[in-house]
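Novice: Can you keep this structure in mind? I'll have questions shortly.
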Amino acid sequence: MQKVFDAIFEEINFKFPNYCVFNKSDSGLKIESAKGFLRVCYNNNAQLLRAGLIVKANGLDLEYTIEEQPRFDNLCFMVDCSRNSVKNVESVKKLIRNLAMLGYNSLMLYTEDVYEVKNEKLFGYLRGKYTIDELKDLDSYAVSLGIELIPCIQTLAHLNQLSRYSNRYIPFDCSDILLVNNDRTHQLIENIFSTLRECFTTNRIHIGMDEAGMLGRGRYLAINGYKDRVTILKEHLSRVCEIAEKYDFEPIIWSDMFRNEFNCDKYKNKDGKVEIPKEVIDSIPKNLSLCYWDYHGLTKEYFYDGLEMHKQYKNPVWFAGGTAMANRGILPHLQYSFKIAESAITAALEFGVKNLIETMWGDNGGECSVFAVLPALAHYSYTALGCSSERLKKEFYALTGHNFDDFIRLDYPQTFCGKYTDDIANPAKYGLYNDVFTGYLDPILNANDKKYFIQACEELKKCKEGQYFYLFKTAYALSDLLYYKYGLGIEIRKAYKEKNNEELRVCLKNLDYCIRKLEILIRLYRKQWLIENKPHGFEIQEIRLGGLLERLKGCKLRLKDYLNGKIDKIDELDECLIADAVGRVKPNNRCDEYSYMSIASVNSFDGYTYIDV
């Protein structure tokens, strides 16, 4: 128990009093407190850590009894470590302590290629991969605190970082999909399982296999001829599950390949319900669990069809309903995450789901801090446990030293200070990179919306010093920059068209402000990144932000030359912008365009036009 007590003290600076009585329990957590009396009945070390948080939050001198009976067998958090931001070992350990105190019992590190694999020297090459020793250390630490560390990998698609080595290293079918029914592919998967068996205590492993829509349509087709996707998937899945069983792993997959294949009129009965063919259900390996994922339901009914479909399987079902919205930007989408969580968890309870996952994806660069989503993590677990919002806020403060409502202000630049929380508009990302001359998104933006960023600055100022104060400093710097940049391209174009040089000189001054404020953001964001992540991957952020900085400087010089009569026009500003060219538009002049490339420029970054959306 000493490791647990040390972890409690390290995380929240709390020690149980000497008179505290500890009793092991076969069920949930129970805390009984009165002046000079404290009894903690707990089932495992994670519950003991949670007890430390609860007692710190509620005090030692008050009389109270708090009981918690978990409503789910597994309450898991999955954090994406594959999109540049590989969380460093100390951050993962801190995350493990936080998860235990918040009521979780498992953690998945989503690692596509960022872990060491024996006999695979290019796997995770220059990507900041976790070494075998690091994974062993993290697993041992997690186990000691009652948290199950579950490897979460890919064994079919989403291996695009390896595709750079072409078929000289690993054979690919097409896009980011491995060539299945291939000896080299099977050897890679064998090496993966063999290595991970050495690193992890758990028997569970998430093997991915999602979003492989082009399976069998590339090199596989040329070698083997046409087969339907489900047949190919079942064959590959069967082989991978055999390898998993050899190493005593019980695999889990994302189930969207099956769901998408059968969710069509061909497989619907007269009541409009999907009926999965019996031969498909019977063919799924018995040692496999299916994970239904969906992150966009604002009502519980949204999830019903997917949950109904999964009830037909004989295999265990997990549900990744809800997500700590952090993908595609430096700042999270916390309030949207709360709404998804409430609807998803309510639906899960109605359908008797026993295994829940809260995900944090890092698409388009892994830019957001894992600790910036702590309010979403806490809200998810407290909703799953059936705890009150009063307890949530009190215990969140005990955990972090920050007021829960203050912490939510981190998403104010995204939500225009809480005005829009029912969708994933992303102004803090597209406002940052939208070019001030070409202005791809300018036709749909409202320049007056920049006022929300100065309001966000005022709100972020209210957040006091504390262990996560560095997050608020970064958010403030970004908001301060966006106040000057968000509508700047619109203002420049308007003044240019009207030949209003006086207004253009104001824009020139604002360009200079943007340059100076971007330099501050880069400095603070670099510090934030290196606190939480391995340095690998930050070169992408420096290239992006550094490119933006140089672009702003270049636009400033050309605008200055125009005003001084050195050039007689600015070609980009002579073009008429087309609103219909902008996709994924949201109400109220907002957008959820999240591809860095299409926001920054319609010109090609890499010689072809593929955009990861």
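Ordering of the structure tokens sets the chain letters (A, B, ...), residue numbers begin anew at 1 in every chain, and ligands are numbered from 1 in the order given.
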Determine, counting only C-alpha atoms, which protein, DNA and RNA residues have an atom within 9 Å of an atom of Asn181 in chain A; residues of the same chain fewer than 2 positions away are not included. Present the result as a PDB file with N, CA, C and O atoms, in the first residue's frame.
Specialist:
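The result, stored in result12.pdb:
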```pdb
ATOM      1  N   LEU A 179      -0.929  -4.927 -46.551  1.00  0.00           N
ATOM      2  CA  LEU A 179      -1.278  -6.002 -47.481  1.00  0.00           C
ATOM      3  C   LEU A 179      -1.541  -7.265 -46.667  1.00  0.00           C
ATOM      4  O   LEU A 179      -0.629  -7.832 -46.066  1.00  0.00           O
ATOM      5  N   ASP A 183       2.936 -13.056 -45.956  1.00  0.00           N
ATOM      6  CA  ASP A 183       3.827 -13.589 -44.920  1.00  0.00           C
ATOM      7  C   ASP A 183       4.555 -12.487 -44.165  1.00  0.00           C
ATOM      8  O   ASP A 183       4.734 -12.569 -42.944  1.00  0.00           O
ATOM      9  N   THR A 185       3.554  -9.393 -43.646  1.00  0.00           N
ATOM     10  CA  THR A 185       2.588  -8.743 -42.752  1.00  0.00           C
ATOM     11  C   THR A 185       2.363  -9.594 -41.514  1.00  0.00           C
ATOM     12  O   THR A 185       2.339  -9.076 -40.392  1.00  0.00           O
ATOM     13  N   HIS A 186       2.216 -10.881 -41.712  1.00  0.00           N
ATOM     14  CA  HIS A 186       2.007 -11.783 -40.571  1.00  0.00           C
ATOM     15  C   HIS A 186       3.224 -11.774 -39.638  1.00  0.00           C
ATOM     16  O   HIS A 186       3.074 -11.821 -38.411  1.00  0.00           O
ATOM     17  N   TYR A 220      -3.592  -5.851 -53.143  1.00  0.00           N
ATOM     18  CA  TYR A 220      -4.266  -7.124 -52.857  1.00  0.00           C
ATOM     19  C   TYR A 220      -5.100  -7.566 -54.058  1.00  0.00           C
ATOM     20  O   TYR A 220      -5.100  -8.749 -54.429  1.00  0.00           O
ATOM     21  N   ILE A 232     -12.434 -10.487 -46.802  1.00  0.00           N
ATOM     22  CA  ILE A 232     -11.008 -10.219 -46.570  1.00  0.00           C
ATOM     23  C   ILE A 232     -10.764  -9.894 -45.099  1.00  0.00           C
ATOM     24  O   ILE A 232      -9.814 -10.388 -44.481  1.00  0.00           O
ATOM     25  N   GLU A 235     -10.905 -12.971 -42.854  1.00  0.00           N
ATOM     26  CA  GLU A 235      -9.721 -13.819 -43.000  1.00  0.00           C
ATOM     27  C   GLU A 235      -8.538 -13.224 -42.228  1.00  0.00           C
ATOM     28  O   GLU A 235      -7.822 -13.940 -41.513  1.00  0.00           O
ATOM     29  N   HIS A 236      -8.342 -11.924 -42.395  1.00  0.00           N
ATOM     30  CA  HIS A 236      -7.230 -11.279 -41.687  1.00  0.00           C
ATOM     31  C   HIS A 236      -7.465 -11.282 -40.181  1.00  0.00           C
ATOM     32  O   HIS A 236      -6.545 -11.558 -39.394  1.00  0.00           O
ATOM     33  N   ARG A 239      -6.680 -14.603 -38.644  1.00  0.00           N
ATOM     34  CA  ARG A 239      -5.243 -14.864 -38.522  1.00  0.00           C
ATOM     35  C   ARG A 239      -4.646 -14.057 -37.369  1.00  0.00           C
ATOM     36  O   ARG A 239      -3.832 -14.570 -36.573  1.00  0.00           O
TER      37      ARG A 239
END
```
Novice: Could you write out, as a list in words, all the residues of range 59-120 of chain A that DSSP marks as strand (DSSP E)?
Specialist: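 After running DSSP on the backbone, range 59-120 of chain A has strand (DSSP E) at Tyr64, Thr65, Ile66, Glu67, Glu68, Asn74, Leu75, Cys76, Phe77, Met78, Val79, Asp80, Ser106, Leu107, Met108, Leu109 and Tyr110 of chain A.
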Novice: Export N, CA, C and O atoms of the chosen residues as a PDB file, in the first residue's frame?
Specialist:
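The resulting part_27.pdb:
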```
ATOM      1  N   TYR A  64     -19.821  12.289   7.425  1.00  0.00           N
ATOM      2  CA  TYR A  64     -20.431  11.934   6.139  1.00  0.00           C
ATOM      3  C   TYR A  64     -20.124  10.472   5.814  1.00  0.00           C
ATOM      4  O   TYR A  64     -19.177   9.872   6.330  1.00  0.00           O
ATOM      5  N   THR A  65     -20.962   9.912   4.959  1.00  0.00           N
ATOM      6  CA  THR A  65     -20.747   8.575   4.397  1.00  0.00           C
ATOM      7  C   THR A  65     -20.921   8.678   2.886  1.00  0.00           C
ATOM      8  O   THR A  65     -21.929   9.173   2.400  1.00  0.00           O
ATOM      9  N   ILE A  66     -19.917   8.238   2.171  1.00  0.00           N
ATOM     10  CA  ILE A  66     -19.967   8.253   0.704  1.00  0.00           C
ATOM     11  C   ILE A  66     -19.728   6.838   0.197  1.00  0.00           C
ATOM     12  O   ILE A  66     -18.742   6.191   0.570  1.00  0.00           O
ATOM     13  N   GLU A  67     -20.647   6.362  -0.625  1.00  0.00           N
ATOM     14  CA  GLU A  67     -20.519   5.034  -1.225  1.00  0.00           C
ATOM     15  C   GLU A  67     -20.549   5.150  -2.739  1.00  0.00           C
ATOM     16  O   GLU A  67     -21.288   5.958  -3.302  1.00  0.00           O
ATOM     17  N   GLU A  68     -19.755   4.339  -3.401  1.00  0.00           N
ATOM     18  CA  GLU A  68     -19.764   4.264  -4.864  1.00  0.00           C
ATOM     19  C   GLU A  68     -19.766   2.810  -5.303  1.00  0.00           C
ATOM     20  O   GLU A  68     -18.880   2.035  -4.908  1.00  0.00           O
ATOM     21  N   ASN A  74     -15.689  -1.883 -16.842  1.00  0.00           N
ATOM     22  CA  ASN A  74     -14.484  -1.186 -17.289  1.00  0.00           C
ATOM     23  C   ASN A  74     -14.815   0.256 -17.619  1.00  0.00           C
ATOM     24  O   ASN A  74     -15.718   0.531 -18.414  1.00  0.00           O
ATOM     25  N   LEU A  75     -14.099   1.154 -16.995  1.00  0.00           N
ATOM     26  CA  LEU A  75     -14.181   2.571 -17.326  1.00  0.00           C
ATOM     27  C   LEU A  75     -12.774   2.969 -17.752  1.00  0.00           C
ATOM     28  O   LEU A  75     -11.861   3.057 -16.933  1.00  0.00           O
ATOM     29  N   CYS A  76     -12.613   3.163 -19.063  1.00  0.00           N
ATOM     30  CA  CYS A  76     -11.285   3.275 -19.664  1.00  0.00           C
ATOM     31  C   CYS A  76     -11.109   4.640 -20.330  1.00  0.00           C
ATOM     32  O   CYS A  76     -12.068   5.209 -20.863  1.00  0.00           O
ATOM     33  N   PHE A  77      -9.901   5.146 -20.307  1.00  0.00           N
ATOM     34  CA  PHE A  77      -9.546   6.341 -21.058  1.00  0.00           C
ATOM     35  C   PHE A  77      -8.513   5.966 -22.099  1.00  0.00           C
ATOM     36  O   PHE A  77      -7.547   5.254 -21.799  1.00  0.00           O
ATOM     37  N   MET A  78      -8.734   6.396 -23.334  1.00  0.00           N
ATOM     38  CA  MET A  78      -7.775   6.169 -24.419  1.00  0.00           C
ATOM     39  C   MET A  78      -7.205   7.499 -24.881  1.00  0.00           C
ATOM     40  O   MET A  78      -7.966   8.401 -25.245  1.00  0.00           O
ATOM     41  N   VAL A  79      -5.890   7.627 -24.853  1.00  0.00           N
ATOM     42  CA  VAL A  79      -5.246   8.867 -25.275  1.00  0.00           C
ATOM     43  C   VAL A  79      -4.379   8.585 -26.502  1.00  0.00           C
ATOM     44  O   VAL A  79      -3.617   7.610 -26.547  1.00  0.00           O
ATOM     45  N   ASP A  80      -4.529   9.426 -27.497  1.00  0.00           N
ATOM     46  CA  ASP A  80      -3.817   9.285 -28.762  1.00  0.00           C
ATOM     47  C   ASP A  80      -2.374   9.765 -28.591  1.00  0.00           C
ATOM     48  O   ASP A  80      -2.122  10.914 -28.269  1.00  0.00           O
ATOM     49  N   SER A 106      -8.843   1.682 -16.169  1.00  0.00           N
ATOM     50  CA  SER A 106      -7.931   1.264 -17.233  1.00  0.00           C
ATOM     51  C   SER A 106      -7.565   2.446 -18.119  1.00  0.00           C
ATOM     52  O   SER A 106      -8.277   3.451 -18.195  1.00  0.00           O
ATOM     53  N   LEU A 107      -6.424   2.295 -18.794  1.00  0.00           N
ATOM     54  CA  LEU A 107      -5.887   3.315 -19.687  1.00  0.00           C
ATOM     55  C   LEU A 107      -5.354   2.635 -20.936  1.00  0.00           C
ATOM     56  O   LEU A 107      -4.662   1.618 -20.859  1.00  0.00           O
ATOM     57  N   MET A 108      -5.708   3.191 -22.097  1.00  0.00           N
ATOM     58  CA  MET A 108      -5.138   2.749 -23.366  1.00  0.00           C
ATOM     59  C   MET A 108      -4.273   3.870 -23.939  1.00  0.00           C
ATOM     60  O   MET A 108      -4.721   5.010 -24.024  1.00  0.00           O
ATOM     61  N   LEU A 109      -3.044   3.541 -24.293  1.00  0.00           N
ATOM     62  CA  LEU A 109      -2.189   4.461 -25.037  1.00  0.00           C
ATOM     63  C   LEU A 109      -2.297   4.070 -26.505  1.00  0.00           C
ATOM     64  O   LEU A 109      -1.827   3.003 -26.911  1.00  0.00           O
ATOM     65  N   TYR A 110      -2.951   4.933 -27.301  1.00  0.00           N
ATOM     66  CA  TYR A 110      -3.126   4.621 -28.720  1.00  0.00           C
ATOM     67  C   TYR A 110      -1.812   4.876 -29.450  1.00  0.00           C
ATOM     68  O   TYR A 110      -1.374   5.999 -29.607  1.00  0.00           O
TER      69      TYR A 110
END
```
Novice: Report as a PyMOL selection string all protein, DNA and RNA residues lying within 12 Å of Thr202 in chain A, evaluated on only C-alpha atoms, omitting residues in the same chain fewer than 2 positions from it.
Specialist: chain A and resi 106-108+136+139-140+142-143+146-152+196-200+204-206+247-251
Novice: Excluding same-chain residues fewer than 2 positions from Arg558 in chain A, what lies within 12 Å of it counting only C-alpha atoms, as JSON, numbers by chain?
Specialist: {"A": [436, 437, 504, 508, 511, 551, 552, 553, 554, 555, 556, 560, 561, 562, 563, 564, 565, 566, 567, 568, 569, 570, 571, 572, 573]}
Novice: May I have the residues within 12 Å of Val86 in chain A as a short mmCIF file (atom, residue, chain, number, x, y, z; two decimals) with N, CA and C atoms, in the first residue's frame, using only C-alpha atoms and disregarding those fewer than 5 positions away in the same chain?
Specialist:
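Output (around_19.cif):
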```
data_model
loop_
_atom_site.label_atom_id
_atom_site.label_comp_id
_atom_site.auth_asym_id
_atom_site.auth_seq_id
_atom_site.Cartn_x
_atom_site.Cartn_y
_atom_site.Cartn_z
N VAL A 79 -5.89 7.63 -24.85
CA VAL A 79 -5.25 8.87 -25.28
C VAL A 79 -4.38 8.59 -26.50
N ASP A 80 -4.53 9.43 -27.50
CA ASP A 80 -3.82 9.29 -28.76
C ASP A 80 -2.37 9.76 -28.59
N CYS A 81 -1.42 8.86 -28.85
CA CYS A 81 0.00 9.20 -28.79
C CYS A 81 0.65 9.10 -30.18
N SER A 91 4.45 12.20 -17.69
CA SER A 91 3.07 12.63 -17.96
C SER A 91 2.11 11.45 -17.90
N VAL A 92 2.53 10.30 -18.43
CA VAL A 92 1.66 9.12 -18.38
C VAL A 92 1.45 8.69 -16.94
N LEU A 109 -3.04 3.54 -24.29
CA LEU A 109 -2.19 4.46 -25.04
C LEU A 109 -2.30 4.07 -26.51
N TYR A 110 -2.95 4.93 -27.30
CA TYR A 110 -3.13 4.62 -28.72
C TYR A 110 -1.81 4.88 -29.45
N THR A 111 -1.18 3.79 -29.88
CA THR A 111 0.15 3.86 -30.49
C THR A 111 0.14 3.11 -31.81
N GLU A 112 0.11 3.83 -32.91
CA GLU A 112 0.12 3.19 -34.22
C GLU A 112 1.49 2.59 -34.50
N ASP A 113 2.53 3.42 -34.43
CA ASP A 113 3.88 2.92 -34.67
C ASP A 113 4.87 3.48 -33.66
N VAL A 114 4.38 4.07 -32.58
CA VAL A 114 5.28 4.76 -31.65
C VAL A 114 5.61 3.89 -30.43
N TYR A 115 5.99 2.66 -30.69
CA TYR A 115 6.50 1.79 -29.63
C TYR A 115 7.52 0.86 -30.26
N GLY A 124 8.51 3.03 -35.77
CA GLY A 124 8.65 4.15 -34.84
C GLY A 124 9.94 4.91 -34.98
N LEU A 126 12.54 7.56 -35.42
CA LEU A 126 12.56 9.02 -35.27
C LEU A 126 11.22 9.60 -34.85
N ARG A 127 10.37 8.78 -34.25
CA ARG A 127 9.02 9.23 -33.90
C ARG A 127 8.82 9.38 -32.40
N GLY A 128 9.88 9.19 -31.61
CA GLY A 128 9.73 9.30 -30.15
C GLY A 128 9.04 8.11 -29.54
N LYS A 129 9.23 6.94 -30.13
CA LYS A 129 8.52 5.73 -29.70
C LYS A 129 8.84 5.38 -28.25
N TYR A 130 7.89 4.68 -27.62
CA TYR A 130 8.12 4.13 -26.29
C TYR A 130 9.05 2.93 -26.43
N THR A 131 10.09 2.91 -25.61
CA THR A 131 10.99 1.76 -25.61
C THR A 131 10.35 0.63 -24.81
N GLY A 362 -6.09 12.93 -31.38
CA GLY A 362 -5.23 14.06 -31.66
C GLY A 362 -5.00 14.30 -33.13
N GLY A 365 -2.18 16.51 -35.84
CA GLY A 365 -0.97 17.03 -35.20
C GLY A 365 -0.82 16.79 -33.72
N GLY A 366 -1.84 16.29 -33.04
CA GLY A 366 -1.73 16.04 -31.61
C GLY A 366 -1.41 17.30 -30.83
N GLU A 367 -2.05 18.42 -31.22
CA GLU A 367 -1.65 19.72 -30.69
C GLU A 367 -2.11 19.98 -29.25
N CYS A 368 -3.23 19.39 -28.85
CA CYS A 368 -3.83 19.74 -27.56
C CYS A 368 -3.19 18.98 -26.40
N SER A 369 -3.08 19.63 -25.28
CA SER A 369 -2.57 19.01 -24.06
C SER A 369 -3.54 17.96 -23.53
N VAL A 370 -3.02 16.83 -23.07
CA VAL A 370 -3.87 15.81 -22.47
C VAL A 370 -4.48 16.31 -21.17
N TRP A 529 4.46 21.98 -24.57
CA TRP A 529 4.69 20.70 -25.22
C TRP A 529 5.76 19.88 -24.48
N LEU A 530 6.86 20.52 -24.15
CA LEU A 530 7.98 19.80 -23.55
C LEU A 530 7.72 19.41 -22.10
N ILE A 531 6.76 20.05 -21.45
CA ILE A 531 6.34 19.60 -20.12
C ILE A 531 5.67 18.22 -20.23
N GLU A 532 4.86 18.02 -21.26
CA GLU A 532 3.99 16.85 -21.32
C GLU A 532 4.44 15.76 -22.29
N ASN A 533 5.14 16.14 -23.35
CA ASN A 533 5.42 15.20 -24.43
C ASN A 533 6.92 15.01 -24.66
N LYS A 534 7.23 13.94 -25.37
CA LYS A 534 8.58 13.80 -25.89
C LYS A 534 8.80 14.88 -26.94
N PRO A 535 10.05 15.29 -27.15
CA PRO A 535 10.29 16.39 -28.10
C PRO A 535 9.98 16.02 -29.55
N HIS A 536 10.07 14.73 -29.88
CA HIS A 536 9.77 14.31 -31.25
C HIS A 536 8.35 14.74 -31.61
N GLY A 537 8.19 15.26 -32.80
CA GLY A 537 6.87 15.70 -33.23
C GLY A 537 6.68 17.20 -33.13
N PHE A 538 7.43 17.82 -32.21
CA PHE A 538 7.26 19.27 -32.09
C PHE A 538 7.89 19.99 -33.27
#
```
Novice: Considering only C-alpha atoms, return as an MDAnalysis selection string whatever protein or nucleic-acid residues lie within 12 Å of Asp435 in chain A, sequence-local ones (same chain, fewer than 6 positions apart) excluded.
Specialist: chainID A and resid 429 441:442 485:490 492:493 511 547:552 554:555 572:573 596:603
Novice: Atoms to include: N, CA, C and O atoms. Write the selected residues as a short mmCIF file (atom, residue, chain, number, x, y, z; two decimals), in the first residue's frame.
Specialist:
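To be explicit, this is the file written out as selection_18.cif:
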```cif
data_model
loop_
_atom_site.label_atom_id
_atom_site.label_comp_id
_atom_site.auth_asym_id
_atom_site.auth_seq_id
_atom_site.Cartn_x
_atom_site.Cartn_y
_atom_site.Cartn_z
N LYS A 429 -8.37 27.11 -34.55
CA LYS A 429 -7.43 26.48 -35.50
C LYS A 429 -7.49 27.18 -36.85
O LYS A 429 -6.48 27.63 -37.39
N LEU A 441 -10.93 30.97 -46.20
CA LEU A 441 -12.15 30.92 -45.39
C LEU A 441 -12.83 32.28 -45.21
O LEU A 441 -13.92 32.36 -44.67
N ASP A 442 -12.20 33.33 -45.67
CA ASP A 442 -12.73 34.68 -45.43
C ASP A 442 -14.16 34.90 -45.91
O ASP A 442 -14.91 35.66 -45.27
N LYS A 485 -5.80 38.72 -35.57
CA LYS A 485 -5.65 38.01 -36.85
C LYS A 485 -6.96 37.52 -37.44
O LYS A 485 -7.10 37.41 -38.66
N TYR A 486 -7.97 37.19 -36.60
CA TYR A 486 -9.14 36.44 -37.07
C TYR A 486 -9.80 37.08 -38.30
O TYR A 486 -10.05 36.41 -39.29
N GLY A 487 -10.07 38.36 -38.27
CA GLY A 487 -10.72 39.02 -39.40
C GLY A 487 -9.78 39.89 -40.20
O GLY A 487 -10.23 40.68 -41.06
N LEU A 488 -8.47 39.75 -39.98
CA LEU A 488 -7.52 40.67 -40.59
C LEU A 488 -7.52 40.56 -42.11
O LEU A 488 -7.45 41.57 -42.83
N GLY A 489 -7.59 39.36 -42.64
CA GLY A 489 -7.61 39.19 -44.08
C GLY A 489 -8.81 39.86 -44.72
O GLY A 489 -8.71 40.44 -45.81
N ILE A 490 -9.96 39.76 -44.05
CA ILE A 490 -11.18 40.42 -44.55
C ILE A 490 -10.99 41.93 -44.57
O ILE A 490 -11.35 42.61 -45.54
N ILE A 492 -8.11 43.63 -44.63
CA ILE A 492 -7.11 44.01 -45.62
C ILE A 492 -7.73 44.05 -47.02
O ILE A 492 -7.55 45.01 -47.78
N ARG A 493 -8.46 43.00 -47.37
CA ARG A 493 -9.06 42.92 -48.71
C ARG A 493 -10.05 44.07 -48.94
O ARG A 493 -10.08 44.67 -50.02
N LEU A 511 -0.81 43.67 -38.53
CA LEU A 511 0.07 42.58 -38.97
C LEU A 511 1.30 42.50 -38.09
O LEU A 511 1.76 41.41 -37.72
N GLY A 547 6.32 28.67 -40.21
CA GLY A 547 5.88 29.01 -41.56
C GLY A 547 4.85 30.12 -41.55
O GLY A 547 4.88 31.03 -42.38
N LEU A 548 3.94 30.04 -40.59
CA LEU A 548 2.93 31.09 -40.43
C LEU A 548 3.61 32.42 -40.10
O LEU A 548 3.25 33.47 -40.66
N LEU A 549 4.60 32.36 -39.22
CA LEU A 549 5.32 33.58 -38.84
C LEU A 549 6.00 34.21 -40.05
O LEU A 549 5.91 35.43 -40.28
N GLU A 550 6.65 33.39 -40.84
CA GLU A 550 7.36 33.91 -42.01
C GLU A 550 6.36 34.44 -43.05
O GLU A 550 6.62 35.45 -43.72
N ARG A 551 5.21 33.78 -43.16
CA ARG A 551 4.19 34.24 -44.09
C ARG A 551 3.66 35.62 -43.67
O ARG A 551 3.49 36.51 -44.51
N LEU A 552 3.42 35.80 -42.39
CA LEU A 552 2.94 37.10 -41.91
C LEU A 552 3.99 38.19 -42.17
O LEU A 552 3.65 39.32 -42.56
N GLY A 554 6.19 38.16 -44.58
CA GLY A 554 6.20 38.40 -46.01
C GLY A 554 5.03 39.28 -46.45
O GLY A 554 5.20 40.18 -47.29
N CYS A 555 3.84 39.00 -45.89
CA CYS A 555 2.66 39.81 -46.22
C CYS A 555 2.85 41.26 -45.73
O CYS A 555 2.44 42.21 -46.41
N GLU A 572 -2.98 38.47 -54.95
CA GLU A 572 -3.96 37.65 -54.23
C GLU A 572 -5.21 38.45 -53.88
O GLU A 572 -6.32 37.92 -53.87
N LEU A 573 -5.01 39.73 -53.56
CA LEU A 573 -6.13 40.56 -53.14
C LEU A 573 -6.99 41.01 -54.32
O LEU A 573 -8.12 41.48 -54.12
N TYR A 596 -5.11 21.35 -41.68
CA TYR A 596 -4.14 22.44 -41.68
C TYR A 596 -3.83 22.90 -43.10
O TYR A 596 -3.74 24.08 -43.39
N MET A 597 -3.71 21.93 -44.01
CA MET A 597 -3.30 22.28 -45.37
C MET A 597 -4.36 23.09 -46.09
O MET A 597 -4.08 24.10 -46.72
N SER A 598 -5.62 22.68 -46.01
CA SER A 598 -6.65 23.40 -46.75
C SER A 598 -6.97 24.74 -46.12
O SER A 598 -7.40 25.67 -46.79
N ILE A 599 -6.76 24.88 -44.80
CA ILE A 599 -6.96 26.18 -44.16
C ILE A 599 -5.89 27.16 -44.61
O ILE A 599 -6.17 28.29 -44.99
N ALA A 600 -4.64 26.72 -44.57
CA ALA A 600 -3.53 27.62 -44.84
C ALA A 600 -3.46 28.02 -46.31
O ALA A 600 -3.12 29.15 -46.64
N SER A 601 -3.75 27.06 -47.21
CA SER A 601 -3.64 27.37 -48.63
C SER A 601 -4.32 26.30 -49.46
O SER A 601 -4.30 25.12 -49.11
N VAL A 602 -4.90 26.72 -50.59
CA VAL A 602 -5.43 25.74 -51.53
C VAL A 602 -4.32 25.17 -52.40
O VAL A 602 -4.52 24.21 -53.15
N ASN A 603 -3.13 25.76 -52.32
CA ASN A 603 -2.00 25.23 -53.07
C ASN A 603 -1.46 23.97 -52.41
O ASN A 603 -1.68 23.72 -51.22
#
```
Novice: For the atom pair CA of Phe5 in chain A and CA of Lys87 in chain A, what is the interatomic distance in Å to one decimal place?
Specialist: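 These atoms are spaced 24.4 Å apart.
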Novice: Which residues come within 9 Å of range 156-163 of chain A, counting only C-alpha atoms, excluding same-chain residues fewer than 3 positions away, as a list in words?
Specialist: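 That gives Glu112, Asp113, Leu122, Phe123, Gly124, Ser166, Asn167, Tyr169, Ile170, Pro171, Phe172, Ser175, Asp176, Ile177, Leu178, Leu179, Val180, Ile207, Gly208, Met209, Asp210, Glu211, Ala212, Leu215 and His236 of chain A.
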Novice: Any idea what the distance is between CA of Val582 in chain A and CA of Glu498 in chain A?
Specialist: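 Taking CA of Val582 in chain A and CA of Glu498 in chain A, their separation equals 24.7 Å.
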Novice: Using only C-alpha atoms, find each residue of range 450-493 of chain A with at least one atom at most 9 Å away from an atom of range 414-424 of chain A; report its shortest atom-to-atom pair and that distance in Å (one decimal), sort the rows by chain and rising residue number, and return the result as a Markdown table.
Specialist:
```
| residue | atom | partner | partner_atom | distance |
| --- | --- | --- | --- | --- |
| A:Lys451 | CA | A:Phe416 | CA | 8.8 |
| A:Tyr452 | CA | A:Phe416 | CA | 5.3 |
| A:Phe453 | CA | A:Phe416 | CA | 7.2 |
| A:Gln455 | CA | A:Cys417 | CA | 7.1 |
| A:Ala456 | CA | A:Cys417 | CA | 6.0 |
| A:Glu459 | CA | A:Cys417 | CA | 8.4 |
```
Novice: Would you save the residues of that selection, restricted to C-alpha atoms, as an mmCIF file, in the first residue's frame?
Specialist:
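Below is the file that was written, part-v1.cif:
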```cif
data_model
loop_
_atom_site.group_PDB
_atom_site.id
_atom_site.type_symbol
_atom_site.label_atom_id
_atom_site.label_comp_id
_atom_site.auth_asym_id
_atom_site.auth_seq_id
_atom_site.Cartn_x
_atom_site.Cartn_y
_atom_site.Cartn_z
ATOM 1 C CA LYS A 451 -14.512 40.349 -30.269
ATOM 2 C CA TYR A 452 -14.998 36.904 -28.735
ATOM 3 C CA PHE A 453 -11.246 36.411 -28.541
ATOM 4 C CA GLN A 455 -13.585 38.391 -24.255
ATOM 5 C CA ALA A 456 -11.857 35.008 -23.952
ATOM 6 C CA GLU A 459 -12.096 35.265 -18.930
#
```
Novice: Go through A:Ser82, A:Gln187, A:Ser238, A:Thr231 and flag the residue nearest Phe258 in chain A, using only C-alpha atoms for the distances.
Specialist: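 Of A:Ser82, A:Gln187, A:Ser238, A:Thr231, the one nearest Phe258 in chain A is A:Thr231, counting only C-alpha atoms.
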Novice: Between A:Glu308, A:Gln335, A:Pro427, A:Leu399, which residue has the minimum interatomic distance to Asn588 in chain A, considering only C-alpha atoms?
Specialist: A:Pro427
Novice: Name the closest residue to Arg50 in chain A among the candidates A:Gln69, A:Asn98, A:Asn364, A:Ser85; distances are taken between atoms, counting only C-alpha atoms.
Specialist: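 Once distances to Arg50 in chain A are computed over only C-alpha atoms, the minimum belongs to A:Asn98.
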Novice: Using only C-alpha atoms, can you tell me which of A:Ala46, A:Ala428, A:Ile253, A:Ile153 comes closest to Phe193 in chain A?
Specialist: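 Between A:Ala46, A:Ala428, A:Ile253, A:Ile153, the residue approaching Phe193 in chain A most closely is A:Ile153.
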Novice: Could you please determine the separation between CA of Asp305 in chain A and CA of Asn263 in chain A in Å, to one decimal place?
Specialist: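 Distance reported for this atom pair: 9.3 Å.
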Novice: Of the candidates A:Asp449, A:Tyr226, A:Thr155, A:Thr346, which one gets nearest to Ile252 in chain A if we count only C-alpha atoms?
Specialist: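 Of A:Asp449, A:Tyr226, A:Thr155, A:Thr346, the one nearest Ile252 in chain A is A:Thr155, counting only C-alpha atoms.
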